Amino acid sequence: MYRESNGVWAGMVLAVALLGAAPQPHPGVASTVNVKLSEWNVVLSQASVAAGPVTFVITNAGSIPHGLEVEGQGIEQEIEMIQPGASDTLTLTLKPGSYEVYCPVGSDSHKKLGMDTHLKVVGATSPAPPAAPAAPAPSRYGASEMSEAHTKAERVQAIRVTGGGPVIQILPGPFPFPDSAAPILKAFGDEREGLESQVKNGPYSNNVVRTSGSFAFTAWDKGAVRDSVDGVAEFATQDGARWKLVMDRVQTKDVPHHPRFGGVIMGLYYHGVTQVHTPLVPTINSAVALWAFGHLYKNDVLVTDNAMVHVMLLSRTRRDGDFALSCWDCSKNKIDELQLQILPGPGEPKFAAPGGFLFVNWEQSQGR
């Protein structure tokens, strides 16, 4: 459901509360725009201001650090980081025109997740836009409905991914970078305890075994609840069992460890130190990440038709030979590692596999 790739903006419409008509300029007196940041929204107190000095009063109402950047008409100024619950101000002198207002955290990954809106700056003789009531912001990756007009305007993207190269199964074990992840874990509130237990014995470990298998899928980024996926994975595990996964529908509800994730997302910089999703993965760039449901078979017998599936084609995180995690920030590495993680559906028993889950990597994969 990600709306931007290679610099092409196609973000969702964000709600803004318009508090009356735009004010007329008063020399030397700054207009004030209150800015509320949260996961994953930027809400302005007004959509239009008069040209001249403008003070942005920014409050981070979210649960993780955010920032603010104002860009347009030759201006590009930012406050890089504001902690949850904190506030800051930014005063700029703005000429008439349109300005993009967004969160720059994570090399714009927060922006790509929906933290992006626009401010119109008008001259003294420009007519002010009429006041309008606030509208509810649609969830970027959740199950909210979108207007028919906006849905039709979305740019549909698709990717075909084929798993290749050495195949490994990742078994439960300690996380190799607990000291690096520790400061970030503090931001996860109620879920912190579960994440800290995964640091000691979780799915992102150097406990791996060589195996074999094939995986190919096509994913479509169509917007909101319309994403789709079609794919089949077949692989062996350390005990010699043969598994088959058939993916035919995406998961569009929120997933654990962070809100507003689900469906298909293309071209995202996240995990690790980015403050986006779990820190228990090195920082990566992903060509595609998706959350889906699938039919899972073991030795040709159906285990569940409701398996929860997470797939990423991402930066290489593991080294050749022993396939240990080799970097805490892997975002500059080549994108050719394909991760497939399969968990039991809600309320279902754990799988007959170490840790009760399945985690398989193809190390030299490709997507187009």
# chains A, B, ... in the order shown; residues from 1 in each chain; ligands from 1
$ residues_around --residues "segment 198-206 of chain A" --least-positions-apart "2" --cutoff "7 Å" --atoms "only C-alpha atoms" --output "MDAnalysis selection string"
chainID A and resid 170:176 178 194:196 208 280:281 324:325
$ write_last_selection --atoms "N, CA, C and O atoms" --output "PDB file, in the first residue's frame"
ATOM      1  N   ILE A 170      16.147 -20.111   9.549  1.00  0.00           N
ATOM      2  CA  ILE A 170      16.614 -19.393  10.735  1.00  0.00           C
ATOM      3  C   ILE A 170      15.863 -19.946  11.941  1.00  0.00           C
ATOM      4  O   ILE A 170      14.629 -19.938  11.978  1.00  0.00           O
ATOM      5  N   LEU A 171      16.605 -20.422  12.913  1.00  0.00           N
ATOM      6  CA  LEU A 171      16.046 -21.036  14.109  1.00  0.00           C
ATOM      7  C   LEU A 171      16.093 -20.065  15.281  1.00  0.00           C
ATOM      8  O   LEU A 171      16.835 -19.069  15.247  1.00  0.00           O
ATOM      9  N   PRO A 172      15.319 -20.290  16.326  1.00  0.00           N
ATOM     10  CA  PRO A 172      15.341 -19.378  17.484  1.00  0.00           C
ATOM     11  C   PRO A 172      16.735 -19.274  18.096  1.00  0.00           C
ATOM     12  O   PRO A 172      17.495 -20.239  18.126  1.00  0.00           O
ATOM     13  N   GLY A 173      17.050 -18.077  18.555  1.00  0.00           N
ATOM     14  CA  GLY A 173      18.333 -17.835  19.191  1.00  0.00           C
ATOM     15  C   GLY A 173      18.446 -16.391  19.625  1.00  0.00           C
ATOM     16  O   GLY A 173      17.542 -15.589  19.395  1.00  0.00           O
ATOM     17  N   PRO A 174      19.553 -16.013  20.258  1.00  0.00           N
ATOM     18  CA  PRO A 174      19.729 -14.631  20.724  1.00  0.00           C
ATOM     19  C   PRO A 174      19.935 -13.666  19.565  1.00  0.00           C
ATOM     20  O   PRO A 174      20.509 -14.022  18.537  1.00  0.00           O
ATOM     21  N   PHE A 175      19.465 -12.433  19.750  1.00  0.00           N
ATOM     22  CA  PHE A 175      19.645 -11.378  18.753  1.00  0.00           C
ATOM     23  C   PHE A 175      21.089 -10.881  18.818  1.00  0.00           C
ATOM     24  O   PHE A 175      21.590 -10.573  19.908  1.00  0.00           O
ATOM     25  N   PRO A 176      21.801 -10.787  17.694  1.00  0.00           N
ATOM     26  CA  PRO A 176      23.225 -10.446  17.731  1.00  0.00           C
ATOM     27  C   PRO A 176      23.537  -9.005  18.134  1.00  0.00           C
ATOM     28  O   PRO A 176      24.673  -8.707  18.468  1.00  0.00           O
ATOM     29  N   PRO A 178      21.914  -6.805  20.654  1.00  0.00           N
ATOM     30  CA  PRO A 178      21.009  -6.363  21.722  1.00  0.00           C
ATOM     31  C   PRO A 178      21.340  -4.976  22.249  1.00  0.00           C
ATOM     32  O   PRO A 178      20.438  -4.209  22.589  1.00  0.00           O
ATOM     33  N   GLY A 194       7.607  -8.274  25.361  1.00  0.00           N
ATOM     34  CA  GLY A 194       7.644  -9.319  24.352  1.00  0.00           C
ATOM     35  C   GLY A 194       8.851  -9.205  23.441  1.00  0.00           C
ATOM     36  O   GLY A 194       9.477 -10.208  23.081  1.00  0.00           O
ATOM     37  N   LEU A 195       9.201  -7.975  23.069  1.00  0.00           N
ATOM     38  CA  LEU A 195      10.362  -7.764  22.219  1.00  0.00           C
ATOM     39  C   LEU A 195      11.651  -8.122  22.948  1.00  0.00           C
ATOM     40  O   LEU A 195      12.567  -8.712  22.361  1.00  0.00           O
ATOM     41  N   GLU A 196      11.735  -7.760  24.235  1.00  0.00           N
ATOM     42  CA  GLU A 196      12.950  -8.070  24.991  1.00  0.00           C
ATOM     43  C   GLU A 196      13.137  -9.582  25.152  1.00  0.00           C
ATOM     44  O   GLU A 196      14.265 -10.076  25.178  1.00  0.00           O
ATOM     45  N   VAL A 208      21.330 -20.856  12.296  1.00  0.00           N
ATOM     46  CA  VAL A 208      20.775 -21.156  10.978  1.00  0.00           C
ATOM     47  C   VAL A 208      21.225 -22.534  10.508  1.00  0.00           C
ATOM     48  O   VAL A 208      22.260 -23.058  10.947  1.00  0.00           O
ATOM     49  N   LEU A 280      14.364  -5.238  15.975  1.00  0.00           N
ATOM     50  CA  LEU A 280      15.042  -6.530  16.034  1.00  0.00           C
ATOM     51  C   LEU A 280      15.328  -7.087  14.649  1.00  0.00           C
ATOM     52  O   LEU A 280      15.283  -8.295  14.413  1.00  0.00           O
ATOM     53  N   VAL A 281      15.575  -6.198  13.708  1.00  0.00           N
ATOM     54  CA  VAL A 281      16.066  -6.513  12.365  1.00  0.00           C
ATOM     55  C   VAL A 281      17.057  -5.407  12.034  1.00  0.00           C
ATOM     56  O   VAL A 281      16.810  -4.248  12.374  1.00  0.00           O
ATOM     57  N   ALA A 324      25.623 -15.569   9.082  1.00  0.00           N
ATOM     58  CA  ALA A 324      25.376 -14.793  10.294  1.00  0.00           C
ATOM     59  C   ALA A 324      24.997 -13.363   9.923  1.00  0.00           C
ATOM     60  O   ALA A 324      25.412 -12.840   8.883  1.00  0.00           O
ATOM     61  N   LEU A 325      24.185 -12.727  10.783  1.00  0.00           N
ATOM     62  CA  LEU A 325      23.877 -11.315  10.579  1.00  0.00           C
ATOM     63  C   LEU A 325      25.174 -10.516  10.663  1.00  0.00           C
ATOM     64  O   LEU A 325      25.902 -10.605  11.649  1.00  0.00           O
TER      65      LEU A 325
END
$ atom_distance --atom1 "atom CA of Phe359 of chain A" --atom2 "atom CA of Thr211 of chain A"
11.4 Å
$ residues_around --residues "Val232 of chain A" --least-positions-apart "4" --cutoff "8 Å" --atoms "only C-alpha atoms" --output "list in words"
Phe215, Ala216, Phe217, Lys244, Leu245, Val246 and Met247 of chain A
$ write_last_selection --atoms "C-alpha atoms" --output "PDB file, in the first residue's frame"
ATOM      1  CA  PHE A 215       9.638 -19.216  -3.827  1.00  0.00           C
ATOM      2  CA  ALA A 216       8.002 -16.936  -6.386  1.00  0.00           C
ATOM      3  CA  PHE A 217       5.247 -14.381  -5.962  1.00  0.00           C
ATOM      4  CA  LYS A 244       4.264 -25.645   1.016  1.00  0.00           C
ATOM      5  CA  LEU A 245       2.767 -22.166   1.370  1.00  0.00           C
ATOM      6  CA  VAL A 246       0.129 -20.754  -0.983  1.00  0.00           C
ATOM      7  CA  MET A 247      -0.472 -16.995  -0.572  1.00  0.00           C
TER       8      MET A 247
END
$ select_by_dssp --residues "segment 102-332 of chain A" --states "strand (DSSP E)" --output "JSON, numbers by chain"
{"A": [102, 116, 117, 118, 119, 120, 121, 122, 157, 158, 159, 160, 161, 162, 167, 168, 169, 170, 208, 209, 210, 211, 213, 214, 215, 216, 217, 218, 219, 220, 221, 228, 229, 230, 231, 232, 233, 234, 235, 236, 242, 243, 244, 245, 246, 247, 248, 249, 250, 263, 264, 265, 266, 267, 268, 269, 270, 284, 285, 286, 287, 288, 289, 290, 291, 292, 293, 294, 295, 296, 297, 298, 301, 302, 303, 304, 305, 306, 307, 308, 309, 310, 311, 312, 313, 314, 315]}
$ write_last_selection --atoms "C-alpha atoms" --output "CSV table (one decimal), in the first residue's frame"
chain,number,residue,atom,x,y,z
A,102,TYR,CA,6.4,16.3,6.3
A,116,ASP,CA,3.0,14.4,4.6
A,117,THR,CA,0.7,17.3,3.9
A,118,HIS,CA,0.7,20.8,2.2
A,119,LEU,CA,0.5,24.4,3.4
A,120,LYS,CA,-0.7,27.2,1.0
A,121,VAL,CA,0.8,30.6,1.5
A,122,VAL,CA,-1.2,33.5,0.0
A,157,GLN,CA,2.4,-0.8,-8.7
A,158,ALA,CA,3.4,-4.5,-9.1
A,159,ILE,CA,6.5,-6.6,-8.5
A,160,ARG,CA,7.4,-10.1,-9.4
A,161,VAL,CA,9.9,-11.7,-7.0
A,162,THR,CA,11.8,-15.0,-7.4
A,167,VAL,CA,18.4,-21.2,1.2
A,168,ILE,CA,18.7,-21.2,5.0
A,169,GLN,CA,16.2,-21.8,7.8
A,170,ILE,CA,16.6,-19.4,10.7
A,208,VAL,CA,20.8,-21.2,11.0
A,209,VAL,CA,20.8,-24.4,9.0
A,210,ARG,CA,21.2,-24.9,5.2
A,211,THR,CA,18.1,-26.2,3.5
A,213,GLY,CA,13.4,-24.6,-1.6
A,214,SER,CA,11.7,-22.4,-4.2
A,215,PHE,CA,9.6,-19.2,-3.8
A,216,ALA,CA,8.0,-16.9,-6.4
A,217,PHE,CA,5.2,-14.4,-6.0
A,218,THR,CA,3.7,-11.3,-7.5
A,219,ALA,CA,2.4,-8.5,-5.3
A,220,TRP,CA,0.2,-5.5,-6.3
A,221,ASP,CA,0.2,-2.2,-4.5
A,228,SER,CA,-3.2,-8.3,-3.5
A,229,VAL,CA,-0.6,-11.1,-3.7
A,230,ASP,CA,-0.3,-14.4,-5.5
A,231,GLY,CA,2.6,-16.8,-4.7
A,232,VAL,CA,3.8,-20.2,-3.8
A,233,ALA,CA,6.8,-21.3,-1.6
A,234,GLU,CA,8.1,-24.8,-1.2
A,235,PHE,CA,10.9,-25.6,1.2
A,236,ALA,CA,12.4,-28.2,3.5
A,242,ARG,CA,8.4,-30.7,3.3
A,243,TRP,CA,6.4,-27.5,3.6
A,244,LYS,CA,4.3,-25.6,1.0
A,245,LEU,CA,2.8,-22.2,1.4
A,246,VAL,CA,0.1,-20.8,-1.0
A,247,MET,CA,-0.5,-17.0,-0.6
A,248,ASP,CA,-3.7,-15.6,-2.0
A,249,ARG,CA,-4.8,-12.7,0.1
A,250,VAL,CA,-3.1,-9.9,2.0
A,263,GLY,CA,-0.8,-5.2,2.8
A,264,VAL,CA,1.9,-4.4,0.3
A,265,ILE,CA,4.5,-1.7,0.8
A,266,MET,CA,7.2,-0.9,-1.8
A,267,GLY,CA,10.5,0.9,-1.5
A,268,LEU,CA,10.7,1.5,2.3
A,269,TYR,CA,13.7,2.2,4.5
A,270,TYR,CA,12.9,0.8,7.9
A,284,ILE,CA,17.4,-2.2,5.6
A,285,ASN,CA,15.9,-0.9,2.4
A,286,SER,CA,13.2,-3.2,1.0
A,287,ALA,CA,12.0,-3.4,-2.6
A,288,VAL,CA,8.8,-4.9,-1.3
A,289,ALA,CA,7.4,-5.9,2.1
A,290,LEU,CA,4.0,-7.6,2.5
A,291,TRP,CA,1.8,-9.1,5.1
A,292,ALA,CA,-0.5,-11.9,4.0
A,293,PHE,CA,-2.5,-14.9,4.9
A,294,GLY,CA,-1.8,-18.3,3.3
A,295,HIS,CA,-2.6,-22.0,3.1
A,296,LEU,CA,0.2,-24.0,4.8
A,297,TYR,CA,0.8,-27.7,4.1
A,298,LYS,CA,3.3,-30.0,5.8
A,301,VAL,CA,-1.3,-32.3,4.7
A,302,LEU,CA,-3.1,-29.0,5.3
A,303,VAL,CA,-1.9,-27.4,8.6
A,304,THR,CA,-3.9,-24.2,8.4
A,305,ASP,CA,-5.6,-22.0,5.8
A,306,ASN,CA,-5.0,-19.0,8.0
A,307,ALA,CA,-1.2,-18.8,8.4
A,308,MET,CA,0.1,-15.3,9.0
A,309,VAL,CA,2.9,-14.5,6.5
A,310,HIS,CA,5.5,-11.7,6.3
A,311,VAL,CA,7.7,-11.4,3.3
A,312,MET,CA,10.5,-8.9,2.4
A,313,LEU,CA,12.9,-8.5,-0.5
A,314,LEU,CA,15.6,-6.5,1.2
A,315,SER,CA,19.2,-5.4,1.6
$ residues_around --residues "segment 66-72 of chain A" --least-positions-apart "4" --cutoff "7 Å" --atoms "only C-alpha atoms" --output "PyMOL selection string"
chain A and resi 60+76-83+98-105
$ residues_around --residues "Gly52 of chain A" --least-positions-apart "5" --cutoff "7 Å" --atoms "only C-alpha atoms" --output "VMD selection string"
chain A and resid 25 30 93 to 95
$ write_last_selection --atoms "N, CA, C and O atoms" --output "PDB file, in the first residue's frame"
ATOM      1  N   PRO A  25      -1.731  39.594   6.005  1.00  0.00           N
ATOM      2  CA  PRO A  25      -0.396  39.772   6.567  1.00  0.00           C
ATOM      3  C   PRO A  25      -0.272  41.050   7.373  1.00  0.00           C
ATOM      4  O   PRO A  25      -0.855  42.071   7.037  1.00  0.00           O
ATOM      5  N   ALA A  30       4.322  37.284  13.058  1.00  0.00           N
ATOM      6  CA  ALA A  30       4.339  35.946  12.481  1.00  0.00           C
ATOM      7  C   ALA A  30       2.975  35.283  12.607  1.00  0.00           C
ATOM      8  O   ALA A  30       2.321  35.389  13.646  1.00  0.00           O
ATOM      9  N   THR A  93      10.278  32.615   6.999  1.00  0.00           N
ATOM     10  CA  THR A  93       9.632  33.654   6.198  1.00  0.00           C
ATOM     11  C   THR A  93       9.261  33.030   4.857  1.00  0.00           C
ATOM     12  O   THR A  93      10.130  32.625   4.079  1.00  0.00           O
ATOM     13  N   LEU A  94       7.962  32.947   4.599  1.00  0.00           N
ATOM     14  CA  LEU A  94       7.468  32.207   3.449  1.00  0.00           C
ATOM     15  C   LEU A  94       6.864  33.141   2.407  1.00  0.00           C
ATOM     16  O   LEU A  94       6.094  34.053   2.732  1.00  0.00           O
ATOM     17  N   LYS A  95       7.210  32.890   1.150  1.00  0.00           N
ATOM     18  CA  LYS A  95       6.625  33.611   0.017  1.00  0.00           C
ATOM     19  C   LYS A  95       5.345  32.915  -0.411  1.00  0.00           C
ATOM     20  O   LYS A  95       5.115  31.755  -0.073  1.00  0.00           O
TER      21      LYS A  95
END
$ atom_distance --atom1 "atom CA of Glu363 of chain A" --atom2 "atom CA of Ile335 of chain A"
9.8 Å
$ select_by_dssp --residues "segment 192-334 of chain A" --states "alpha helix (DSSP H)" --output "number ranges by chain"
A: 192-201
$ write_last_selection --atoms "all heavy atoms" --output "PDB file, in the first residue's frame"
ATOM      1  N   ARG A 192       7.095  -3.881  24.839  1.00  0.00           N
ATOM      2  CA  ARG A 192       8.533  -3.958  25.110  1.00  0.00           C
ATOM      3  C   ARG A 192       8.926  -5.302  25.719  1.00  0.00           C
ATOM      4  O   ARG A 192       9.949  -5.885  25.346  1.00  0.00           O
ATOM      5  CB  ARG A 192       8.928  -2.815  26.041  1.00  0.00           C
ATOM      6  CG  ARG A 192      10.394  -2.823  26.440  1.00  0.00           C
ATOM      7  CD  ARG A 192      10.703  -1.637  27.337  1.00  0.00           C
ATOM      8  NE  ARG A 192      12.038  -1.706  27.887  1.00  0.00           N
ATOM      9  CZ  ARG A 192      12.533  -0.799  28.746  1.00  0.00           C
ATOM     10  NH1 ARG A 192      11.791   0.220  29.123  1.00  0.00           N
ATOM     11  NH2 ARG A 192      13.761  -0.927  29.208  1.00  0.00           N
ATOM     12  N   GLU A 193       8.107  -5.815  26.634  1.00  0.00           N
ATOM     13  CA  GLU A 193       8.444  -7.069  27.302  1.00  0.00           C
ATOM     14  C   GLU A 193       8.551  -8.210  26.296  1.00  0.00           C
ATOM     15  O   GLU A 193       9.481  -9.023  26.350  1.00  0.00           O
ATOM     16  CB  GLU A 193       7.402  -7.393  28.358  1.00  0.00           C
ATOM     17  CG  GLU A 193       7.715  -8.655  29.159  1.00  0.00           C
ATOM     18  CD  GLU A 193       6.705  -8.920  30.259  1.00  0.00           C
ATOM     19  OE1 GLU A 193       5.865  -8.026  30.518  1.00  0.00           O
ATOM     20  OE2 GLU A 193       6.749 -10.009  30.851  1.00  0.00           O
ATOM     21  N   GLY A 194       7.607  -8.274  25.361  1.00  0.00           N
ATOM     22  CA  GLY A 194       7.644  -9.319  24.352  1.00  0.00           C
ATOM     23  C   GLY A 194       8.851  -9.205  23.441  1.00  0.00           C
ATOM     24  O   GLY A 194       9.477 -10.208  23.081  1.00  0.00           O
ATOM     25  N   LEU A 195       9.201  -7.975  23.069  1.00  0.00           N
ATOM     26  CA  LEU A 195      10.362  -7.764  22.219  1.00  0.00           C
ATOM     27  C   LEU A 195      11.651  -8.122  22.948  1.00  0.00           C
ATOM     28  O   LEU A 195      12.567  -8.712  22.361  1.00  0.00           O
ATOM     29  CB  LEU A 195      10.398  -6.310  21.736  1.00  0.00           C
ATOM     30  CG  LEU A 195       9.355  -5.941  20.678  1.00  0.00           C
ATOM     31  CD1 LEU A 195       9.336  -4.433  20.473  1.00  0.00           C
ATOM     32  CD2 LEU A 195       9.638  -6.645  19.360  1.00  0.00           C
ATOM     33  N   GLU A 196      11.735  -7.760  24.235  1.00  0.00           N
ATOM     34  CA  GLU A 196      12.950  -8.070  24.991  1.00  0.00           C
ATOM     35  C   GLU A 196      13.137  -9.582  25.152  1.00  0.00           C
ATOM     36  O   GLU A 196      14.265 -10.076  25.178  1.00  0.00           O
ATOM     37  CB  GLU A 196      12.911  -7.372  26.340  1.00  0.00           C
ATOM     38  CG  GLU A 196      13.130  -5.864  26.232  1.00  0.00           C
ATOM     39  CD  GLU A 196      13.076  -5.157  27.567  1.00  0.00           C
ATOM     40  OE1 GLU A 196      12.452  -5.707  28.502  1.00  0.00           O
ATOM     41  OE2 GLU A 196      13.638  -4.048  27.679  1.00  0.00           O
ATOM     42  N   SER A 197      12.022 -10.322  25.215  1.00  0.00           N
ATOM     43  CA  SER A 197      12.153 -11.782  25.282  1.00  0.00           C
ATOM     44  C   SER A 197      12.688 -12.331  23.957  1.00  0.00           C
ATOM     45  O   SER A 197      13.422 -13.327  23.939  1.00  0.00           O
ATOM     46  CB  SER A 197      10.807 -12.422  25.612  1.00  0.00           C
ATOM     47  OG  SER A 197       9.886 -12.290  24.537  1.00  0.00           O
ATOM     48  N   GLN A 198      12.338 -11.665  22.845  1.00  0.00           N
ATOM     49  CA  GLN A 198      12.859 -12.088  21.546  1.00  0.00           C
ATOM     50  C   GLN A 198      14.350 -11.771  21.410  1.00  0.00           C
ATOM     51  O   GLN A 198      15.044 -12.415  20.623  1.00  0.00           O
ATOM     52  CB  GLN A 198      12.086 -11.417  20.414  1.00  0.00           C
ATOM     53  CG  GLN A 198      10.677 -11.941  20.241  1.00  0.00           C
ATOM     54  CD  GLN A 198      10.015 -11.414  18.989  1.00  0.00           C
ATOM     55  OE1 GLN A 198      10.667 -10.868  18.097  1.00  0.00           O
ATOM     56  NE2 GLN A 198       8.710 -11.564  18.906  1.00  0.00           N
ATOM     57  N   VAL A 199      14.839 -10.774  22.137  1.00  0.00           N
ATOM     58  CA  VAL A 199      16.275 -10.492  22.134  1.00  0.00           C
ATOM     59  C   VAL A 199      17.044 -11.714  22.633  1.00  0.00           C
ATOM     60  O   VAL A 199      18.108 -12.060  22.111  1.00  0.00           O
ATOM     61  CB  VAL A 199      16.584  -9.259  23.009  1.00  0.00           C
ATOM     62  CG1 VAL A 199      18.084  -9.122  23.227  1.00  0.00           C
ATOM     63  CG2 VAL A 199      16.039  -7.991  22.353  1.00  0.00           C
ATOM     64  N   LYS A 200      16.487 -12.394  23.634  1.00  0.00           N
ATOM     65  CA  LYS A 200      17.167 -13.539  24.229  1.00  0.00           C
ATOM     66  C   LYS A 200      16.969 -14.820  23.414  1.00  0.00           C
ATOM     67  O   LYS A 200      17.869 -15.662  23.336  1.00  0.00           O
ATOM     68  CB  LYS A 200      16.658 -13.744  25.655  1.00  0.00           C
ATOM     69  CG  LYS A 200      16.900 -12.537  26.558  1.00  0.00           C
ATOM     70  CD  LYS A 200      16.259 -12.729  27.923  1.00  0.00           C
ATOM     71  CE  LYS A 200      16.444 -11.497  28.788  1.00  0.00           C
ATOM     72  NZ  LYS A 200      15.745 -11.629  30.097  1.00  0.00           N
ATOM     73  N   ASN A 201      15.785 -14.966  22.822  1.00  0.00           N
ATOM     74  CA  ASN A 201      15.514 -16.202  22.084  1.00  0.00           C
ATOM     75  C   ASN A 201      14.394 -15.932  21.076  1.00  0.00           C
ATOM     76  O   ASN A 201      13.235 -16.236  21.320  1.00  0.00           O
ATOM     77  CB  ASN A 201      15.094 -17.320  23.038  1.00  0.00           C
ATOM     78  CG  ASN A 201      15.050 -18.674  22.349  1.00  0.00           C
ATOM     79  OD1 ASN A 201      15.847 -18.959  21.468  1.00  0.00           O
ATOM     80  ND2 ASN A 201      14.111 -19.509  22.757  1.00  0.00           N
TER      81      ASN A 201
END
$ residues_around --residues "Asn34 of chain A" --least-positions-apart "5" --cutoff "6 Å" --atoms "only C-alpha atoms" --output "list of chain:residue names"
A:Leu44, A:Ser45, A:Phe56, A:Val57
